[in-house]
file entry_9.pdb (PDB, C-alpha atoms)
ATOM      1  CA  MET A   1       0.000   0.000   0.000  1.00  0.00           C
ATOM      2  CA  LYS A   2       2.855   2.371   0.830  1.00  0.00           C
ATOM      3  CA  SER A   3       4.446   1.809  -2.585  1.00  0.00           C
ATOM      4  CA  TYR A   4       1.116   2.484  -4.298  1.00  0.00           C
ATOM      5  CA  LEU A   5       0.752   5.752  -2.384  1.00  0.00           C
ATOM      6  CA  LYS A   6       4.291   6.763  -3.315  1.00  0.00           C
ATOM      7  CA  THR A   7       3.640   6.006  -6.990  1.00  0.00           C
ATOM      8  CA  PHE A   8       0.526   8.191  -6.921  1.00  0.00           C
ATOM      9  CA  THR A   9       1.857  11.130  -4.898  1.00  0.00           C
ATOM     10  CA  LYS A  10       5.372  11.562  -6.302  1.00  0.00           C
ATOM     11  CA  GLY A  11       4.134  13.257  -9.479  1.00  0.00           C
ATOM     12  CA  ILE A  12       1.953  15.760  -7.607  1.00  0.00           C
ATOM     13  CA  ILE A  13       4.660  17.702  -5.766  1.00  0.00           C
ATOM     14  CA  LYS A  14       7.974  15.851  -5.337  1.00  0.00           C
ATOM     15  CA  GLU A  15       8.411  15.151  -9.066  1.00  0.00           C
ATOM     16  CA  ASN A  16       5.882  17.629 -10.455  1.00  0.00           C
ATOM     17  CA  PRO A  17       6.449  17.678 -14.245  1.00  0.00           C
ATOM     18  CA  VAL A  18       6.202  21.468 -14.452  1.00  0.00           C
ATOM     19  CA  PHE A  19       7.835  22.701 -11.251  1.00  0.00           C
ATOM     20  CA  PHE A  20      10.702  20.199 -11.038  1.00  0.00           C
ATOM     21  CA  SER A  21      11.161  18.584 -14.462  1.00  0.00           C
ATOM     22  CA  LEU A  22      10.212  21.694 -16.472  1.00  0.00           C
ATOM     23  CA  LEU A  23       8.161  19.650 -18.930  1.00  0.00           C
ATOM     24  CA  GLY A  24       5.025  20.820 -20.741  1.00  0.00           C
ATOM     25  CA  MET A  25       6.157  24.452 -20.778  1.00  0.00           C
ATOM     26  CA  CYS A  26       4.286  25.324 -23.979  1.00  0.00           C
ATOM     27  CA  PRO A  27       0.723  24.651 -22.717  1.00  0.00           C
ATOM     28  CA  THR A  28       1.665  25.836 -19.227  1.00  0.00           C
ATOM     29  CA  LEU A  29       2.600  29.283 -20.493  1.00  0.00           C
ATOM     30  CA  ALA A  30       0.061  29.546 -23.313  1.00  0.00           C
ATOM     31  CA  LEU A  31      -3.121  28.514 -21.504  1.00  0.00           C
ATOM     32  CA  SER A  32      -2.513  29.600 -17.927  1.00  0.00           C
ATOM     33  CA  ASN A  33      -3.840  33.113 -18.515  1.00  0.00           C
ATOM     34  CA  SER A  34      -7.146  32.049 -16.949  1.00  0.00           C
ATOM     35  CA  ALA A  35      -8.040  29.529 -14.271  1.00  0.00           C
ATOM     36  CA  TRP A  36     -10.839  27.992 -16.349  1.00  0.00           C
ATOM     37  CA  ASN A  37      -8.611  27.268 -19.340  1.00  0.00           C
ATOM     38  CA  ALA A  38      -5.888  25.930 -17.065  1.00  0.00           C
ATOM     39  CA  VAL A  39      -8.202  23.498 -15.265  1.00  0.00           C
ATOM     40  CA  GLY A  40      -9.789  22.375 -18.539  1.00  0.00           C
ATOM     41  CA  LEU A  41      -6.482  21.539 -20.188  1.00  0.00           C
ATOM     42  CA  GLY A  42      -5.132  19.996 -16.981  1.00  0.00           C
ATOM     43  CA  VAL A  43      -8.056  17.592 -16.575  1.00  0.00           C
ATOM     44  CA  ALA A  44      -8.005  16.691 -20.286  1.00  0.00           C
ATOM     45  CA  THR A  45      -4.274  15.935 -20.115  1.00  0.00           C
ATOM     46  CA  MET A  46      -4.704  13.889 -16.940  1.00  0.00           C
ATOM     47  CA  PHE A  47      -7.377  11.763 -18.632  1.00  0.00           C
ATOM     48  CA  VAL A  48      -5.231  11.115 -21.717  1.00  0.00           C
ATOM     49  CA  LEU A  49      -2.155  10.388 -19.593  1.00  0.00           C
ATOM     50  CA  THR A  50      -3.936   7.908 -17.318  1.00  0.00           C
ATOM     51  CA  CYS A  51      -5.703   6.047 -20.118  1.00  0.00           C
ATOM     52  CA  SER A  52      -2.639   5.851 -22.364  1.00  0.00           C
ATOM     53  CA  ASN A  53      -0.494   4.646 -19.457  1.00  0.00           C
ATOM     54  CA  MET A  54      -2.942   1.837 -18.767  1.00  0.00           C
ATOM     55  CA  ILE A  55      -3.200   0.678 -22.390  1.00  0.00           C
ATOM     56  CA  ILE A  56       0.558   0.860 -22.969  1.00  0.00           C
ATOM     57  CA  SER A  57       1.166  -1.157 -19.801  1.00  0.00           C
ATOM     58  CA  LEU A  58      -1.438  -3.685 -20.883  1.00  0.00           C
ATOM     59  CA  LEU A  59       0.161  -4.106 -24.321  1.00  0.00           C
ATOM     60  CA  LYS A  60       3.813  -3.749 -23.314  1.00  0.00           C
ATOM     61  CA  ASN A  61       4.572  -7.428 -23.939  1.00  0.00           C
ATOM     62  CA  ILE A  62       2.816  -7.424 -27.307  1.00  0.00           C
ATOM     63  CA  ILE A  63       4.245  -4.275 -28.868  1.00  0.00           C
ATOM     64  CA  PRO A  64       7.596  -5.016 -30.593  1.00  0.00           C
ATOM     65  CA  SER A  65      10.400  -2.835 -29.245  1.00  0.00           C
ATOM     66  CA  GLN A  66      11.315  -1.741 -32.771  1.00  0.00           C
ATOM     67  CA  VAL A  67       7.957   0.010 -33.265  1.00  0.00           C
ATOM     68  CA  ARG A  68       7.123   0.958 -29.696  1.00  0.00           C
ATOM     69  CA  ILE A  69       7.403   4.712 -30.294  1.00  0.00           C
ATOM     70  CA  PRO A  70       4.918   4.797 -33.238  1.00  0.00           C
ATOM     71  CA  CYS A  71       2.592   2.544 -31.225  1.00  0.00           C
ATOM     72  CA  PHE A  72       2.821   4.793 -28.163  1.00  0.00           C
ATOM     73  CA  ILE A  73       2.088   7.861 -30.279  1.00  0.00           C
ATOM     74  CA  THR A  74      -0.894   6.151 -31.919  1.00  0.00           C
ATOM     75  CA  ILE A  75      -2.380   5.203 -28.533  1.00  0.00           C
ATOM     76  CA  ILE A  76      -1.857   8.684 -27.098  1.00  0.00           C
ATOM     77  CA  ALA A  77      -3.257  10.346 -30.235  1.00  0.00           C
ATOM     78  CA  GLY A  78      -6.324   8.096 -30.090  1.00  0.00           C
ATOM     79  CA  PHE A  79      -7.178   9.165 -26.543  1.00  0.00           C
ATOM     80  CA  THR A  80      -6.430  12.790 -27.422  1.00  0.00           C
ATOM     81  CA  THR A  81      -8.912  12.629 -30.311  1.00  0.00           C
ATOM     82  CA  PHE A  82     -11.531  11.014 -28.074  1.00  0.00           C
ATOM     83  CA  THR A  83     -11.052  13.728 -25.437  1.00  0.00           C
ATOM     84  CA  SER A  84     -11.248  16.463 -28.052  1.00  0.00           C
ATOM     85  CA  LEU A  85     -14.515  15.129 -29.489  1.00  0.00           C
ATOM     86  CA  LEU A  86     -15.955  14.697 -25.988  1.00  0.00           C
ATOM     87  CA  LEU A  87     -15.188  18.297 -25.049  1.00  0.00           C
ATOM     88  CA  LYS A  88     -16.527  19.564 -28.365  1.00  0.00           C
ATOM     89  CA  ALA A  89     -19.827  17.814 -27.687  1.00  0.00           C
ATOM     90  CA  LEU A  90     -20.195  18.572 -23.960  1.00  0.00           C
ATOM     91  CA  LEU A  91     -18.231  21.809 -23.391  1.00  0.00           C
ATOM     92  CA  PRO A  92     -18.005  23.628 -26.740  1.00  0.00           C
ATOM     93  CA  ASP A  93     -16.965  26.947 -25.157  1.00  0.00           C
ATOM     94  CA  LEU A  94     -14.014  25.333 -23.418  1.00  0.00           C
ATOM     95  CA  TYR A  95     -13.188  23.406 -26.586  1.00  0.00           C
ATOM     96  CA  ASN A  96     -12.997  26.672 -28.530  1.00  0.00           C
ATOM     97  CA  GLU A  97     -10.886  28.334 -25.830  1.00  0.00           C
ATOM     98  CA  LEU A  98      -8.327  25.536 -25.754  1.00  0.00           C
ATOM     99  CA  GLY A  99      -8.108  25.489 -29.539  1.00  0.00           C
ATOM    100  CA  ILE A 100      -5.041  23.870 -31.088  1.00  0.00           C
ATOM    101  CA  PHE A 101      -3.523  23.132 -27.680  1.00  0.00           C
ATOM    102  CA  LEU A 102      -6.140  20.454 -27.104  1.00  0.00           C
ATOM    103  CA  SER A 103      -4.880  18.502 -30.110  1.00  0.00           C
ATOM    104  CA  LEU A 104      -1.294  19.098 -29.033  1.00  0.00           C
ATOM    105  CA  ILE A 105      -1.886  16.922 -25.965  1.00  0.00           C
ATOM    106  CA  ALA A 106      -0.933  14.083 -28.316  1.00  0.00           C
ATOM    107  CA  VAL A 107       2.656  15.354 -28.449  1.00  0.00           C
ATOM    108  CA  ASN A 108       2.920  16.498 -24.843  1.00  0.00           C
ATOM    109  CA  CYS A 109       6.347  15.362 -23.647  1.00  0.00           C
ATOM    110  CA  ILE A 110       4.961  14.587 -20.180  1.00  0.00           C
ATOM    111  CA  ILE A 111       2.673  11.872 -21.540  1.00  0.00           C
ATOM    112  CA  PHE A 112       5.287  10.279 -23.755  1.00  0.00           C
ATOM    113  CA  ALA A 113       7.880  10.428 -20.953  1.00  0.00           C
ATOM    114  CA  ARG A 114       5.628   8.521 -18.532  1.00  0.00           C
ATOM    115  CA  ALA A 115       4.873   5.934 -21.225  1.00  0.00           C
ATOM    116  CA  GLU A 116       8.557   5.396 -21.991  1.00  0.00           C
ATOM    117  CA  ILE A 117       9.880   5.611 -18.426  1.00  0.00           C
ATOM    118  CA  PHE A 118       7.105   4.007 -16.393  1.00  0.00           C
ATOM    119  CA  ALA A 119       4.149   2.439 -18.199  1.00  0.00           C
ATOM    120  CA  LYS A 120       6.170   0.092 -20.410  1.00  0.00           C
ATOM    121  CA  LYS A 121       7.926  -1.331 -17.322  1.00  0.00           C
ATOM    122  CA  ASN A 122       5.092  -1.635 -14.783  1.00  0.00           C
ATOM    123  CA  ASN A 123       1.688  -3.268 -14.367  1.00  0.00           C
ATOM    124  CA  VAL A 124      -1.616  -1.653 -15.291  1.00  0.00           C
ATOM    125  CA  PHE A 125      -2.596  -0.603 -11.768  1.00  0.00           C
ATOM    126  CA  ASN A 126       0.727   1.082 -11.008  1.00  0.00           C
ATOM    127  CA  SER A 127       0.677   2.733 -14.423  1.00  0.00           C
ATOM    128  CA  ALA A 128      -2.803   4.098 -13.750  1.00  0.00           C
ATOM    129  CA  LEU A 129      -1.650   5.508 -10.399  1.00  0.00           C
ATOM    130  CA  ASP A 130       1.394   7.058 -12.043  1.00  0.00           C
ATOM    131  CA  GLY A 131      -0.772   8.641 -14.743  1.00  0.00           C
ATOM    132  CA  LEU A 132      -3.271   9.987 -12.235  1.00  0.00           C
ATOM    133  CA  GLY A 133      -0.584  11.404  -9.969  1.00  0.00           C
ATOM    134  CA  THR A 134       1.498  12.984 -12.723  1.00  0.00           C
ATOM    135  CA  GLY A 135      -1.624  14.288 -14.465  1.00  0.00           C
ATOM    136  CA  LEU A 136      -2.901  15.749 -11.210  1.00  0.00           C
ATOM    137  CA  GLY A 137       0.471  17.404 -10.660  1.00  0.00           C
ATOM    138  CA  PHE A 138       0.315  18.954 -14.126  1.00  0.00           C
ATOM    139  CA  ALA A 139      -3.276  20.104 -13.566  1.00  0.00           C
ATOM    140  CA  LEU A 140      -2.306  21.573 -10.181  1.00  0.00           C
ATOM    141  CA  ALA A 141       0.568  23.505 -11.755  1.00  0.00           C
ATOM    142  CA  LEU A 142      -1.739  24.888 -14.456  1.00  0.00           C
ATOM    143  CA  PHE A 143      -4.358  25.807 -11.849  1.00  0.00           C
ATOM    144  CA  ILE A 144      -1.849  27.699  -9.697  1.00  0.00           C
ATOM    145  CA  MET A 145      -0.480  29.538 -12.706  1.00  0.00           C
ATOM    146  CA  GLY A 146      -3.957  30.272 -14.066  1.00  0.00           C
ATOM    147  CA  THR A 147      -5.202  31.570 -10.725  1.00  0.00           C
ATOM    148  CA  ILE A 148      -2.243  33.906 -10.202  1.00  0.00           C
ATOM    149  CA  ARG A 149      -2.261  35.271 -13.732  1.00  0.00           C
ATOM    150  CA  GLU A 150      -6.026  35.771 -13.961  1.00  0.00           C
ATOM    151  CA  ILE A 151      -6.351  37.466 -10.573  1.00  0.00           C
ATOM    152  CA  LEU A 152      -3.371  39.786 -11.073  1.00  0.00           C
ATOM    153  CA  GLY A 153      -3.836  40.338 -14.797  1.00  0.00           C
ATOM    154  CA  ALA A 154      -7.601  40.603 -15.165  1.00  0.00           C
ATOM    155  CA  GLY A 155      -8.966  41.084 -11.643  1.00  0.00           C
ATOM    156  CA  THR A 156     -11.179  38.017 -12.031  1.00  0.00           C
ATOM    157  CA  TRP A 157     -11.155  34.352 -10.991  1.00  0.00           C
ATOM    158  CA  PHE A 158     -13.025  31.788 -13.108  1.00  0.00           C
ATOM    159  CA  GLY A 159     -14.631  34.802 -14.753  1.00  0.00           C
ATOM    160  CA  LEU A 160     -15.927  36.262 -11.473  1.00  0.00           C
ATOM    161  CA  THR A 161     -14.931  39.882 -10.872  1.00  0.00           C
ATOM    162  CA  LEU A 162     -12.872  40.553  -7.764  1.00  0.00           C
ATOM    163  CA  PRO A 163     -13.634  44.133  -6.669  1.00  0.00           C
ATOM    164  CA  GLU A 164     -10.691  44.236  -4.258  1.00  0.00           C
ATOM    165  CA  LEU A 165      -8.256  44.534  -7.190  1.00  0.00           C
ATOM    166  CA  SER A 166      -9.115  47.836  -8.824  1.00  0.00           C
ATOM    167  CA  GLU A 167      -6.042  48.077 -11.069  1.00  0.00           C
ATOM    168  CA  PRO A 168      -5.229  44.721 -12.753  1.00  0.00           C
ATOM    169  CA  MET A 169      -1.681  44.338 -14.053  1.00  0.00           C
ATOM    170  CA  VAL A 170      -2.402  43.394 -17.664  1.00  0.00           C
ATOM    171  CA  ILE A 171       1.129  42.131 -18.196  1.00  0.00           C
ATOM    172  CA  PHE A 172       0.263  38.954 -16.260  1.00  0.00           C
ATOM    173  CA  ILE A 173      -2.147  37.745 -18.938  1.00  0.00           C
ATOM    174  CA  MET A 174       0.424  38.458 -21.652  1.00  0.00           C
ATOM    175  CA  PRO A 175       3.240  36.037 -22.650  1.00  0.00           C
ATOM    176  CA  ALA A 176       5.862  37.947 -20.669  1.00  0.00           C
ATOM    177  CA  GLY A 177       3.692  37.689 -17.565  1.00  0.00           C
ATOM    178  CA  GLY A 178       3.532  33.927 -17.994  1.00  0.00           C
ATOM    179  CA  PHE A 179       7.321  33.605 -17.795  1.00  0.00           C
ATOM    180  CA  PHE A 180       7.420  36.029 -14.874  1.00  0.00           C
ATOM    181  CA  ALA A 181       4.753  34.162 -12.899  1.00  0.00           C
ATOM    182  CA  LEU A 182       6.256  30.749 -13.679  1.00  0.00           C
ATOM    183  CA  GLY A 183       9.666  31.801 -12.402  1.00  0.00           C
ATOM    184  CA  PHE A 184       8.277  33.035  -9.105  1.00  0.00           C
ATOM    185  CA  VAL A 185       6.055  29.967  -8.627  1.00  0.00           C
ATOM    186  CA  ILE A 186       8.958  27.566  -9.282  1.00  0.00           C
ATOM    187  CA  ALA A 187      11.146  29.520  -6.868  1.00  0.00           C
ATOM    188  CA  ALA A 188       8.435  29.464  -4.190  1.00  0.00           C
ATOM    189  CA  VAL A 189       7.777  25.722  -4.589  1.00  0.00           C
ATOM    190  CA  ASN A 190      11.472  24.863  -4.445  1.00  0.00           C
ATOM    191  CA  LYS A 191      11.922  27.062  -1.398  1.00  0.00           C
ATOM    192  CA  PHE A 192       9.007  25.330   0.292  1.00  0.00           C
ATOM    193  CA  MET A 193      10.300  21.864  -0.569  1.00  0.00           C
ATOM    194  CA  LYS A 194      13.904  22.875   0.198  1.00  0.00           C
ATOM    195  CA  LYS A 195      15.054  21.065  -2.933  1.00  0.00           C
ATOM    196  CA  ARG A 196      16.687  22.033  -6.179  1.00  0.00           C
ATOM    197  CA  PRO A 197      14.632  21.528  -9.387  1.00  0.00           C
ATOM    198  CA  HIS A 198      16.809  18.656 -10.589  1.00  0.00           C
ATOM    199  CA  ASN A 199      16.667  16.672  -7.343  1.00  0.00           C
ATOM    200  CA  ILE A 200      14.172  14.102  -8.586  1.00  0.00           C
ATOM    201  CA  SER A 201      14.150  10.355  -8.225  1.00  0.00           C
ATOM    202  CA  CYS A 202      16.482   8.263 -10.393  1.00  0.00           C
ATOM    203  CA  ASP A 203      14.542   5.038  -9.826  1.00  0.00           C
ATOM    204  CA  ASN A 204      12.701   5.016 -13.172  1.00  0.00           C
ATOM    205  CA  CYS A 205      15.105   7.073 -15.276  1.00  0.00           C
ATOM    206  CA  PRO A 206      16.005   5.325 -18.571  1.00  0.00           C
ATOM    207  CA  HIS A 207      19.516   6.827 -18.366  1.00  0.00           C
ATOM    208  CA  LYS A 208      20.171   5.650 -14.813  1.00  0.00           C
ATOM    209  CA  GLY A 209      22.986   3.335 -15.901  1.00  0.00           C
ATOM    210  CA  MET A 210      24.827   6.111 -17.753  1.00  0.00           C
ATOM    211  CA  CYS A 211      24.326   8.833 -15.149  1.00  0.00           C
ATOM    212  CA  ARG A 212      27.142   9.637 -12.733  1.00  0.00           C
ATOM    213  CA  ARG A 213      24.871  10.976  -9.997  1.00  0.00           C
ATOM    214  CA  GLY A 214      25.234   8.960  -6.853  1.00  0.00           C
ATOM    215  CA  GLU A 215      28.870   7.962  -7.573  1.00  0.00           C
ATOM    216  CA  GLY A 216      30.191  10.443  -5.082  1.00  0.00           C
ATOM    217  CA  ASP A 217      31.332  13.062  -7.616  1.00  0.00           C
TER     218      ASP A 217
END

call {"tool": "encode", "arguments": {"input": "entry_9.pdb", "output": "structure tokens"}}
result
Amino acid sequence: MKSYLKTFTKGIIKENPVFFSLLGMCPTLALSNSAWNAVGLGVATMFVLTCSNMIISLLKNIIPSQVRIPCFITIIAGFTTFTSLLLKALLPDLYNELGIFLSLIAVNCIIFARAEIFAKKNNVFNSALDGLGTGLGFALALFIMGTIREILGAGTWFGLTLPELSEPMVIFIMPAGGFFALGFVIAAVNKFMKKRPHNISCDNCPHKGMCRRGEGD
């Protein structure tokens, strides 16, 4: 049970893909100008990540190693298309807001990294936990960024006007504000965790055998 909990929780804070691995920067910066967009993309990515992890783990002994990358991409793209059509039918406004970035979930490096590093080496249940935890960590990062940028840049939160902020700083909903906010959030998280961004676990790293970390240098 303890190992299951560790598998689920490590991607939320300790190995958060945005704050510590600096993955998924494109959607993080592009769609975190509002909390609603951030949550929408975060949940959609978490769904695709969890489902693709499970299927890849289930088929890991069937997929030939020579074609594993095309197979992984096909599986991820299939779930991305399903998610896109589902949002278009149920939440058309959110679908329009996310635009091209919804389709780009298929090439999100976070999803492919978890497939290559974790799902192809572990059972379905552990892969599902890993996908949920990492996806939740990504969604949490987007939510924090979206909340900060929307409140400071537009004086609203999920579209609700906040009268306390009479002079919004428009720069925060612009691209430059995204980089500015991300830098401060990463600094704050690392200060809170008292860890450097690269201090993540080596357990599931595909380059563990070639890395010199841990050799005393």

call {"tool": "resolve_selection", "arguments": {"input": "entry_9.pdb", "expression": "the PyMOL selection byres ((chain A and resi 121) around 12)", "output": "MDAnalysis selection string"}}
result
chainID A and resid 53:54 56:61 114:120 122:127 130 203:206

call {"tool": "write_last_selection", "arguments": {"input": "entry_9.pdb", "atoms": "C-alpha atoms", "output": "PDB file, in the frame of the given file"}}
result
ATOM      1  CA  ASN A  53      -0.494   4.646 -19.457  1.00  0.00           C
ATOM      2  CA  MET A  54      -2.942   1.837 -18.767  1.00  0.00           C
ATOM      3  CA  ILE A  56       0.558   0.860 -22.969  1.00  0.00           C
ATOM      4  CA  SER A  57       1.166  -1.157 -19.801  1.00  0.00           C
ATOM      5  CA  LEU A  58      -1.438  -3.685 -20.883  1.00  0.00           C
ATOM      6  CA  LEU A  59       0.161  -4.106 -24.321  1.00  0.00           C
ATOM      7  CA  LYS A  60       3.813  -3.749 -23.314  1.00  0.00           C
ATOM      8  CA  ASN A  61       4.572  -7.428 -23.939  1.00  0.00           C
ATOM      9  CA  ARG A 114       5.628   8.521 -18.532  1.00  0.00           C
ATOM     10  CA  ALA A 115       4.873   5.934 -21.225  1.00  0.00           C
ATOM     11  CA  GLU A 116       8.557   5.396 -21.991  1.00  0.00           C
ATOM     12  CA  ILE A 117       9.880   5.611 -18.426  1.00  0.00           C
ATOM     13  CA  PHE A 118       7.105   4.007 -16.393  1.00  0.00           C
ATOM     14  CA  ALA A 119       4.149   2.439 -18.199  1.00  0.00           C
ATOM     15  CA  LYS A 120       6.170   0.092 -20.410  1.00  0.00           C
ATOM     16  CA  ASN A 122       5.092  -1.635 -14.783  1.00  0.00           C
ATOM     17  CA  ASN A 123       1.688  -3.268 -14.367  1.00  0.00           C
ATOM     18  CA  VAL A 124      -1.616  -1.653 -15.291  1.00  0.00           C
ATOM     19  CA  PHE A 125      -2.596  -0.603 -11.768  1.00  0.00           C
ATOM     20  CA  ASN A 126       0.727   1.082 -11.008  1.00  0.00           C
ATOM     21  CA  SER A 127       0.677   2.733 -14.423  1.00  0.00           C
ATOM     22  CA  ASP A 130       1.394   7.058 -12.043  1.00  0.00           C
ATOM     23  CA  ASP A 203      14.542   5.038  -9.826  1.00  0.00           C
ATOM     24  CA  ASN A 204      12.701   5.016 -13.172  1.00  0.00           C
ATOM     25  CA  CYS A 205      15.105   7.073 -15.276  1.00  0.00           C
ATOM     26  CA  PRO A 206      16.005   5.325 -18.571  1.00  0.00           C
TER      27      PRO A 206
END

call {"tool": "residues_near_point", "arguments": {"input": "entry_9.pdb", "point": "(6.6, 13.0, -18.7)", "cutoff": "10 Å", "atoms": "all atoms listed in the file", "output": "ChimeraX atom specification"}}
result
/A:11,16-18,21-24,49,108-118,131,134-135,138

call {"tool": "closest_residue", "arguments": {"input": "entry_9.pdb", "among": "A:Ile144, A:Ile55, A:Ile100, A:Leu94", "to": "Thr28 of chain A", "atoms": "all atoms listed in the file"}}
result
A:Ile144

call {"tool": "residues_near_point", "arguments": {"input": "entry_9.pdb", "point": "(-12.9, 32.0, -13.1)", "cutoff": "8 Å", "atoms": "all atoms listed in the file", "output": "list of chain:residue names"}}
result
A:Ser34, A:Ala35, A:Trp36, A:Glu150, A:Thr156, A:Trp157, A:Phe158, A:Gly159, A:Leu160

call {"tool": "residues_around", "arguments": {"input": "entry_9.pdb", "residues": "Thr80 of chain A", "least_positions_apart": "2", "cutoff": "8 Å", "atoms": "all atoms listed in the file", "output": "list of chain:residue names"}}
result
A:Val48, A:Ile76, A:Ala77, A:Gly78, A:Phe82, A:Thr83, A:Ser84, A:Leu102, A:Ser103, A:Ile105, A:Ala106

call {"tool": "residues_around", "arguments": {"input": "entry_9.pdb", "residues": "Leu29 of chain A", "least_positions_apart": "2", "cutoff": "9 Å", "atoms": "only C-alpha atoms", "output": "JSON, numbers by chain"}}
result
{"A": [24, 25, 26, 27, 31, 32, 33, 142, 145, 175, 177, 178, 179, 182]}

call {"tool": "closest_residue", "arguments": {"input": "entry_9.pdb", "among": "A:Pro92, A:Gly146, A:Gly137, A:Gly153", "to": "Ala30 of chain A", "atoms": "only C-alpha atoms"}}
result
A:Gly146
